[in-house]
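Enquirer: Mind having a look at this structure? Questions to follow.
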Amino acid sequence: MSDDTLLDRALIRLEEAANHLQIDPDVTEKLKYPRETTKTRLLIRMDDGSRKSFLAWRCRYDDTRGPTKGGIRFHPDSTIEEVETLAFWMTFKCAVMNLPYGGGKGAIRVDPHGLSKSELERLSRAYVQAFANIIGPDRDIPAPDVYTNAMIMGWMSDEYNQITGQVSPAVITGKPIALGGSLGRNDATARGGFYLVRHLATELGLDKDHTVAIQGFGNAGQFYARLTAADGNSVVAVSDSAGAIYRPGGLDVEKLIAGKNAGRRVADMASELGAKVITADELLSVEADLLVPAALEDMITKDNAGTIKAKVLLELANGPVTPDADKVLEGKGIVVLPDILANAGGVTVSYFEWVQNRQGYYWDLEEIHARLLKIVEREGRAVWTIAKDRNVSARSAAYIHALGRLATAIEAHGTQPFFAG
Ligand SMILES: NC(=O)C1=CN([C@@H]2O[C@H](COP(=O)(O)OP(=O)(O)OC[C@H]3O[C@@H](n4cnc5c(N)ncnc54)[C@H](OP(=O)(O)O)[C@@H]3O)[C@@H](O)[C@H]2O)C=CC1
Ligand SMILES: O=C(O)CCC(=O)C(=O)O
């Protein structure tokens, strides 16, 4: 891989889209840099009485189209650059889906698996104490991401309420239902991708009973496996951070999910599922019609992209394919449904949660699914049409689609400096 940073590589997509639209340079100048990123150290008491500090960030990348929105990641490899890049992607994701949000993201550099539940709660609350002036229902609205979940969002939302002395459920989405969370947020990331694939199946050349390989078996990967298996497709390979398994005749998805929920690794379940243990790279090259990266960024590079046999890639993860790898995939005729569209179901149902919190009236699951389907099909079709009309990749089309909306909003704001409060 080149010396370019993750953000440098992400910005290539902005430049490409800007060239297609002949955008005013003022627009790209505004979108090239994060608006503000705050870094802090969180000092918490550990169960053994010692104190330990953790680096943490929150980035509000761009708020032209509304309050910034994006998840909080707990990961030992998190960096400021990763947070800013994820926030850049959120900016474009919210614009692709036409949600009234800008983009943000946050992280704590921590391996949460090494913490007890009470340490995890203290750390989550410390994050909100540090960033209480940055987040807010009309300013910046966090949500779950890698290694964070509804329980953590519940603690965070409770901490915010205690600090402000008000009950403001709309400050954070992805909360437990009991605290104002939305029905359907748990599987929304996967469901958005699933609706997209189903809507474009004919154009993508995917039959009703296609085969699927999934990299990463957490929230996004597990729910995708469940939805696609229930629709008659066959999940033939999955991986987690510790290994990968393959069974050409299809894996028992419910057994796998139950095992993961019990704290097991997928490779440890291979023999009872009649599957073969394979390497992480072998997962990419198994015989499957659809490959679903659902783990971390930069997993598919120019070094391993050439081995991929799938017809289609559905990026449930953010940034799993490097720009170099994109070229290899394009050369092989593989269609990539890009992250800012493919995994946007999560933030779309987060938007529904925020709307329900603000109106104080809650929708049933049927209504959530119907609203999500409508937006995914509308924006998915728009992106596909741009791709065909302009003869560009679906990724370029998604950026063109989003940038058009961002540019219109930036121009509508006028020429005065933006309020920096
Ligand atoms: N949750 C959401 O609503 C959204 C998530 N996303 C994106 O989806 C991706 C996954 O997030 P999510 O499912 O929420 O996260 P989770 O924490 O629920 O799951 C992450 C999964 O990725 C696996 N993983 C980590 N490293 C590797 C690796 N090197 N190789 C293979 N698997 C690995 C983990 O393995 P293990 O089980 O061993 O820990 C785990 O199964 C991220 O890119 C995230 O930003 C995008 C939109 C919304
Ligand atoms: O639900 C949200 O608000 C954001 C989810 C997220 O972090 C993402 O889409 O990458």
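Residues in the structure tokens are named by chain (A, B, ... in the order shown) and by number from 1 within that chain; ligands are numbered from 1 in the order shown.
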Quick one: everything within 8 Å of Thr28 of chain A, counting only C-alpha atoms, minus sequence neighbours fewer than 6 positions away in the same chain. Send it as a list in words.
Expert: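 The contact residues come out as Leu14, Glu15 and Ala18 of chain A.
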Enquirer: Hey, what's within 7 Å of segment 406-410 of chain A if we count only C-alpha atoms and toss same-chain stuff fewer than 4 positions away? As a list in words, please?
Expert: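 Within the cut-off, the hits are Val27, Thr64, Arg65, Ala95 and Ala402 of chain A.
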Enquirer: Would you write out those residues with C-alpha atoms, as a PDB file, in the first residue's frame?
Expert:
```pdb
ATOM      1  CA  VAL A  27     -17.147  23.184  -2.312  1.00  0.00           C
ATOM      2  CA  THR A  64     -23.701  21.804   6.164  1.00  0.00           C
ATOM      3  CA  ARG A  65     -26.740  19.548   5.743  1.00  0.00           C
ATOM      4  CA  ALA A  95     -26.084  12.947   1.679  1.00  0.00           C
ATOM      5  CA  ALA A 402     -24.002  12.834  -2.655  1.00  0.00           C
TER       6      ALA A 402
END
```
Enquirer: Report, in Å to a single decimal, how far apart atom CA of Ile108 of chain A and atom CA of Leu55 of chain A are.
Expert: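 Result for atom CA of Leu55 of chain A versus atom CA of Ile108 of chain A: 5.8 Å, one decimal.
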Enquirer: Let me see if you get this right: every residue at most 6 Å from ligand 1, counting only C-alpha atoms and all ligand atoms, written as a list in words.
Expert: Pro144, Asp145, Val146, Tyr147, Thr189, Gln215, Gly216, Phe217, Gly218, Asn219, Ala220, Gly221, Ser239, Asp240, Ser241, Ala242, Ala294, Ala295, Leu296, Leu316, Ala317, Asn318, Asn343 and Gly346 of chain A
Enquirer: Mind writing the picked residues with N, CA and C atoms as a tab-separated table (two decimals), in the first residue's frame?
Expert:
```tsv
chain	number	residue	atom	x	y	z
A	144	PRO	N	-23.99	3.42	17.60
A	144	PRO	CA	-23.00	2.32	17.71
A	144	PRO	C	-22.15	2.15	16.44
A	145	ASP	N	-20.97	1.59	16.64
A	145	ASP	CA	-20.11	1.17	15.52
A	145	ASP	C	-19.37	-0.08	16.03
A	146	VAL	N	-18.18	-0.33	15.50
A	146	VAL	CA	-17.48	-1.56	15.84
A	146	VAL	C	-17.23	-1.64	17.35
A	147	TYR	N	-17.59	-2.78	17.93
A	147	TYR	CA	-17.40	-3.12	19.36
A	147	TYR	C	-18.13	-2.17	20.30
A	189	THR	N	-28.47	-2.04	9.50
A	189	THR	CA	-27.32	-1.92	8.58
A	189	THR	C	-27.38	-3.05	7.55
A	215	GLN	N	-17.30	-11.52	5.37
A	215	GLN	CA	-16.08	-11.25	6.16
A	215	GLN	C	-16.47	-10.39	7.36
A	216	GLY	N	-16.31	-10.93	8.58
A	216	GLY	CA	-16.74	-10.19	9.78
A	216	GLY	C	-18.10	-10.70	10.19
A	217	PHE	N	-18.21	-11.15	11.44
A	217	PHE	CA	-19.48	-11.75	11.86
A	217	PHE	C	-19.96	-11.11	13.15
A	218	GLY	N	-20.15	-9.77	13.09
A	218	GLY	CA	-20.71	-9.03	14.21
A	218	GLY	C	-22.12	-8.58	13.85
A	219	ASN	N	-22.46	-7.36	14.25
A	219	ASN	CA	-23.82	-6.86	13.98
A	219	ASN	C	-24.15	-6.95	12.49
A	220	ALA	N	-23.32	-6.32	11.65
A	220	ALA	CA	-23.63	-6.24	10.22
A	220	ALA	C	-23.59	-7.63	9.57
A	221	GLY	N	-22.53	-8.39	9.83
A	221	GLY	CA	-22.35	-9.69	9.19
A	221	GLY	C	-23.41	-10.71	9.60
A	239	SER	N	-16.18	-15.21	8.37
A	239	SER	CA	-14.95	-15.07	9.17
A	239	SER	C	-15.22	-14.14	10.33
A	240	ASP	N	-14.35	-14.20	11.35
A	240	ASP	CA	-14.29	-13.18	12.39
A	240	ASP	C	-12.82	-12.82	12.57
A	241	SER	N	-12.49	-12.11	13.66
A	241	SER	CA	-11.11	-11.63	13.77
A	241	SER	C	-10.13	-12.78	14.02
A	242	ALA	N	-10.66	-13.98	14.33
A	242	ALA	CA	-9.76	-15.09	14.69
A	242	ALA	C	-9.69	-16.17	13.62
A	294	ALA	N	-17.74	-7.14	6.00
A	294	ALA	CA	-18.51	-6.58	7.12
A	294	ALA	C	-17.62	-6.51	8.36
A	295	ALA	N	-16.34	-6.16	8.12
A	295	ALA	CA	-15.40	-6.07	9.26
A	295	ALA	C	-14.82	-4.65	9.32
A	296	LEU	N	-13.61	-4.48	8.84
A	296	LEU	CA	-12.93	-3.18	9.00
A	296	LEU	C	-12.51	-2.62	7.64
A	316	LEU	N	-20.74	-3.76	3.48
A	316	LEU	CA	-21.41	-3.40	4.74
A	316	LEU	C	-20.41	-2.70	5.66
A	317	ALA	N	-19.14	-3.05	5.56
A	317	ALA	CA	-18.11	-2.33	6.33
A	317	ALA	C	-17.87	-0.97	5.70
A	318	ASN	N	-17.30	-0.08	6.47
A	318	ASN	CA	-16.87	1.21	5.93
A	318	ASN	C	-15.45	1.07	5.38
A	343	ASN	N	-24.22	0.31	3.33
A	343	ASN	CA	-24.42	0.13	4.77
A	343	ASN	C	-25.22	1.28	5.40
A	346	GLY	N	-28.21	1.51	8.46
A	346	GLY	CA	-28.02	1.75	9.89
A	346	GLY	C	-28.31	3.20	10.25
```
Enquirer: As a PyMOL selection string, which residues of segment 56-299 of chain A does DSSP assign to strand (DSSP E or B)?
Expert: chain A and resi 56-62+68-69+72-75+102-109+136+140-141+144+211-215+234-240+243-246+276-278+290-293
Enquirer: Output C-alpha atoms for every residue in the selection just made, as a PDB file, in the first residue's frame.
Expert:
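Written out: selection-v7.pdb:
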```
ATOM      1  CA  ALA A  56     -10.559   9.228  22.656  1.00  0.00           C
ATOM      2  CA  TRP A  57     -11.763  11.404  19.784  1.00  0.00           C
ATOM      3  CA  ARG A  58     -14.904  12.905  18.334  1.00  0.00           C
ATOM      4  CA  CYS A  59     -14.864  14.420  14.861  1.00  0.00           C
ATOM      5  CA  ARG A  60     -17.574  16.636  13.374  1.00  0.00           C
ATOM      6  CA  TYR A  61     -16.497  16.520   9.754  1.00  0.00           C
ATOM      7  CA  ASP A  62     -19.131  18.645   8.065  1.00  0.00           C
ATOM      8  CA  THR A  68     -23.297  15.708  12.487  1.00  0.00           C
ATOM      9  CA  LYS A  69     -24.139  12.019  12.811  1.00  0.00           C
ATOM     10  CA  ILE A  72     -18.525   5.552  18.194  1.00  0.00           C
ATOM     11  CA  ARG A  73     -15.972   2.779  17.757  1.00  0.00           C
ATOM     12  CA  PHE A  74     -14.091   1.050  20.587  1.00  0.00           C
ATOM     13  CA  HIS A  75     -11.008  -0.542  19.029  1.00  0.00           C
ATOM     14  CA  GLY A 102     -23.754  16.033   8.272  1.00  0.00           C
ATOM     15  CA  GLY A 103     -21.072  13.500   9.158  1.00  0.00           C
ATOM     16  CA  GLY A 104     -19.308  12.736  12.415  1.00  0.00           C
ATOM     17  CA  LYS A 105     -17.585   9.837  14.143  1.00  0.00           C
ATOM     18  CA  GLY A 106     -15.879   9.004  17.411  1.00  0.00           C
ATOM     19  CA  ALA A 107     -13.623   6.384  18.923  1.00  0.00           C
ATOM     20  CA  ILE A 108     -11.832   5.218  22.015  1.00  0.00           C
ATOM     21  CA  ARG A 109      -8.543   3.391  21.559  1.00  0.00           C
ATOM     22  CA  GLY A 136     -26.323  17.149  21.370  1.00  0.00           C
ATOM     23  CA  ASP A 140     -23.806  15.890  16.952  1.00  0.00           C
ATOM     24  CA  ILE A 141     -25.605  12.577  17.425  1.00  0.00           C
ATOM     25  CA  PRO A 144     -23.001   2.320  17.705  1.00  0.00           C
ATOM     26  CA  THR A 211     -24.196 -17.992  -2.619  1.00  0.00           C
ATOM     27  CA  VAL A 212     -22.684 -15.528  -0.139  1.00  0.00           C
ATOM     28  CA  ALA A 213     -19.340 -15.166   1.695  1.00  0.00           C
ATOM     29  CA  ILE A 214     -19.216 -12.787   4.666  1.00  0.00           C
ATOM     30  CA  GLN A 215     -16.079 -11.246   6.155  1.00  0.00           C
ATOM     31  CA  SER A 234     -26.811 -19.846   0.892  1.00  0.00           C
ATOM     32  CA  VAL A 235     -24.080 -18.491   3.199  1.00  0.00           C
ATOM     33  CA  VAL A 236     -21.047 -20.595   2.319  1.00  0.00           C
ATOM     34  CA  ALA A 237     -18.207 -18.834   4.190  1.00  0.00           C
ATOM     35  CA  VAL A 238     -17.826 -16.494   7.160  1.00  0.00           C
ATOM     36  CA  SER A 239     -14.950 -15.070   9.174  1.00  0.00           C
ATOM     37  CA  ASP A 240     -14.293 -13.178  12.392  1.00  0.00           C
ATOM     38  CA  GLY A 243     -10.400 -17.144  11.529  1.00  0.00           C
ATOM     39  CA  ALA A 244     -12.661 -18.218   8.702  1.00  0.00           C
ATOM     40  CA  ILE A 245     -14.738 -21.248   7.694  1.00  0.00           C
ATOM     41  CA  TYR A 246     -16.133 -22.569   4.412  1.00  0.00           C
ATOM     42  CA  LYS A 276     -13.478 -26.451   6.646  1.00  0.00           C
ATOM     43  CA  VAL A 277     -11.225 -23.910   8.386  1.00  0.00           C
ATOM     44  CA  ILE A 278      -9.688 -21.544   5.809  1.00  0.00           C
ATOM     45  CA  LEU A 290     -21.720 -12.253  -3.471  1.00  0.00           C
ATOM     46  CA  LEU A 291     -18.897 -11.179  -1.163  1.00  0.00           C
ATOM     47  CA  VAL A 292     -19.891  -9.095   1.857  1.00  0.00           C
ATOM     48  CA  PRO A 293     -17.043  -7.320   3.659  1.00  0.00           C
TER      49      PRO A 293
END
```
Enquirer: May I ask you to write as a PDB file with C-alpha atoms, in the first residue's frame all residues lying at most 6 Å from ligand 2, with only C-alpha atoms and all ligand atoms counted?
Expert:
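pocket35.pdb, freshly written:
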```pdb
ATOM      1  CA  LYS A  69     -24.139  12.019  12.811  1.00  0.00           C
ATOM      2  CA  GLY A  70     -22.042   8.899  13.198  1.00  0.00           C
ATOM      3  CA  GLY A  71     -21.055   6.026  15.420  1.00  0.00           C
ATOM      4  CA  PRO A 142     -23.550   9.427  18.112  1.00  0.00           C
ATOM      5  CA  ALA A 143     -24.602   5.798  17.551  1.00  0.00           C
ATOM      6  CA  ASP A 145     -20.110   1.171  15.521  1.00  0.00           C
ATOM      7  CA  ALA A 344     -26.538   3.280   5.056  1.00  0.00           C
ATOM      8  CA  GLY A 346     -28.017   1.754   9.894  1.00  0.00           C
ATOM      9  CA  VAL A 347     -27.901   5.527   9.881  1.00  0.00           C
ATOM     10  CA  SER A 350     -30.948   5.961  13.398  1.00  0.00           C
TER      11      SER A 350
END
```
Enquirer: What's the 12 Å shell around Val328 of chain A, counting only C-alpha atoms, without same-chain residues fewer than 5 positions away, as a list in words?
Expert: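 Everything that qualifies: Ile300, Thr301, Lys302, Asp303, Asn304, Ala305, Gly306, Thr307, Ile308, Val321, Thr322, Pro323, Gly333, Ile334, Val335 and Val336 of chain A.
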Enquirer: Take the residues just selected and output them with N, CA and C atoms as a short mmCIF file (atom, residue, chain, number, x, y, z; two decimals), in the first residue's frame.
Expert:
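The resulting out28.cif:
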```
data_model
loop_
_atom_site.label_atom_id
_atom_site.label_comp_id
_atom_site.auth_asym_id
_atom_site.auth_seq_id
_atom_site.Cartn_x
_atom_site.Cartn_y
_atom_site.Cartn_z
N ILE A 300 -9.53 -5.26 1.63
CA ILE A 300 -9.35 -5.74 0.25
C ILE A 300 -8.43 -4.75 -0.45
N THR A 301 -7.24 -5.25 -0.77
CA THR A 301 -6.19 -4.41 -1.32
C THR A 301 -5.82 -4.91 -2.72
N LYS A 302 -4.92 -4.20 -3.38
CA LYS A 302 -4.54 -4.65 -4.72
C LYS A 302 -3.84 -6.02 -4.66
N ASP A 303 -3.34 -6.38 -3.48
CA ASP A 303 -2.63 -7.66 -3.35
C ASP A 303 -3.57 -8.87 -3.26
N ASN A 304 -4.77 -8.67 -2.75
CA ASN A 304 -5.67 -9.84 -2.66
C ASN A 304 -6.92 -9.71 -3.55
N ALA A 305 -7.16 -8.50 -4.12
CA ALA A 305 -8.39 -8.30 -4.90
C ALA A 305 -8.44 -9.21 -6.12
N GLY A 306 -7.28 -9.52 -6.68
CA GLY A 306 -7.22 -10.32 -7.91
C GLY A 306 -7.78 -11.72 -7.72
N THR A 307 -7.82 -12.20 -6.47
CA THR A 307 -8.27 -13.59 -6.25
C THR A 307 -9.79 -13.70 -6.09
N ILE A 308 -10.46 -12.56 -6.00
CA ILE A 308 -11.90 -12.59 -5.72
C ILE A 308 -12.69 -13.15 -6.91
N VAL A 321 -12.51 -1.57 0.80
CA VAL A 321 -11.77 -1.74 -0.47
C VAL A 321 -10.92 -0.49 -0.72
N THR A 322 -9.64 -0.67 -0.91
CA THR A 322 -8.78 0.49 -1.20
C THR A 322 -9.00 0.95 -2.65
N PRO A 323 -8.67 2.21 -2.97
CA PRO A 323 -8.84 2.66 -4.35
C PRO A 323 -8.07 1.80 -5.37
N GLY A 333 -14.55 -6.81 -13.83
CA GLY A 333 -16.00 -6.72 -14.06
C GLY A 333 -16.82 -7.00 -12.81
N ILE A 334 -16.20 -6.88 -11.63
CA ILE A 334 -16.94 -7.11 -10.38
C ILE A 334 -17.60 -5.80 -9.96
N VAL A 335 -18.88 -5.86 -9.67
CA VAL A 335 -19.61 -4.65 -9.25
C VAL A 335 -19.46 -4.48 -7.74
N VAL A 336 -19.07 -3.27 -7.32
CA VAL A 336 -18.97 -2.98 -5.89
C VAL A 336 -20.12 -2.05 -5.51
#
```
Enquirer: Could you go through segment 97-226 of chain A and tell me which residues DSSP, when run on the backbone, assigns to alpha helix (DSSP H), listing them as number ranges by chain?
Expert: A: 117-131, 150-164, 188-204, 219-226
Enquirer: Residues near Gly319 of chain A, anyone? I mean within 9 Å using only C-alpha atoms, not counting same-chain ones fewer than 5 positions away, as an MDAnalysis selection string.
Expert: chainID A and resid 10 86 89 296:299 338:340
Enquirer: Got time to write the residues from that selection, C-alpha atoms, as a compact mmCIF listing (two decimals), in the first residue's frame?
Expert:
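The resulting file, again_16.txt, is reproduced below:
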```
# COMPACT_ATOMS: atom_id res chain seq x y z
CA ALA A 10 -10.85 8.61 0.81
CA LEU A 86 -15.04 7.56 8.99
CA TRP A 89 -17.68 8.84 4.85
CA LEU A 296 -12.93 -3.18 9.00
CA GLU A 297 -11.44 -0.81 6.42
CA ASP A 298 -8.61 -1.66 3.99
CA MET A 299 -9.28 -5.41 4.06
CA PRO A 338 -20.22 1.06 -2.07
CA ASP A 339 -20.29 1.53 1.70
CA ILE A 340 -21.89 4.98 1.64
```
Enquirer: Considering only C-alpha atoms, state which residue in the set A:Ser396, A:Ser53, A:Asn149, A:Asn98 is at the smallest distance from Leu21 of chain A.
Expert: A:Ser396
Enquirer: Name the closest residue to Gly193 of chain A among the candidates A:Val355, A:Leu251, A:Cys94, A:Ala225; distances are taken between atoms, counting only C-alpha atoms.
Expert: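 Checking each candidate against Gly193 of chain A, we get A:Ala225 as the closest.
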Enquirer: Quick check, in Å to one decimal: how far apart do atom CA of Gly49 of chain A and atom CA of Arg125 of chain A lie?
Expert: 17.7 Å
Enquirer: Atom CA of Val83 of chain A and atom CA of Glu36 of chain A are how many Å apart?
Expert: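 A separation of 11.4 Å between them.
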Enquirer: Write out as a count of residues only which residues come within 9 Å of Asp231 of chain A when counting only C-alpha atoms, dropping same-chain ones fewer than 5 positions away.
Expert: 3
Enquirer: Residues within 10 Å of Gly360 of chain A, please, as a count of residues only. Count only C-alpha atoms; anything in the same chain fewer than 4 positions from it doesn't count.
Expert: 5
Enquirer: Return the single residue from A:Leu204, A:Asp252, A:Pro76, A:Arg13 that is closest to Ala230 of chain A, with distances computed using only C-alpha atoms.
Expert: A:Asp252
Enquirer: Given the choices A:Phe223, A:Phe88, A:Tyr195, A:Phe54, which gets closest to Glu377 of chain A if the distance is worked out from only C-alpha atoms?
Expert: A:Tyr195
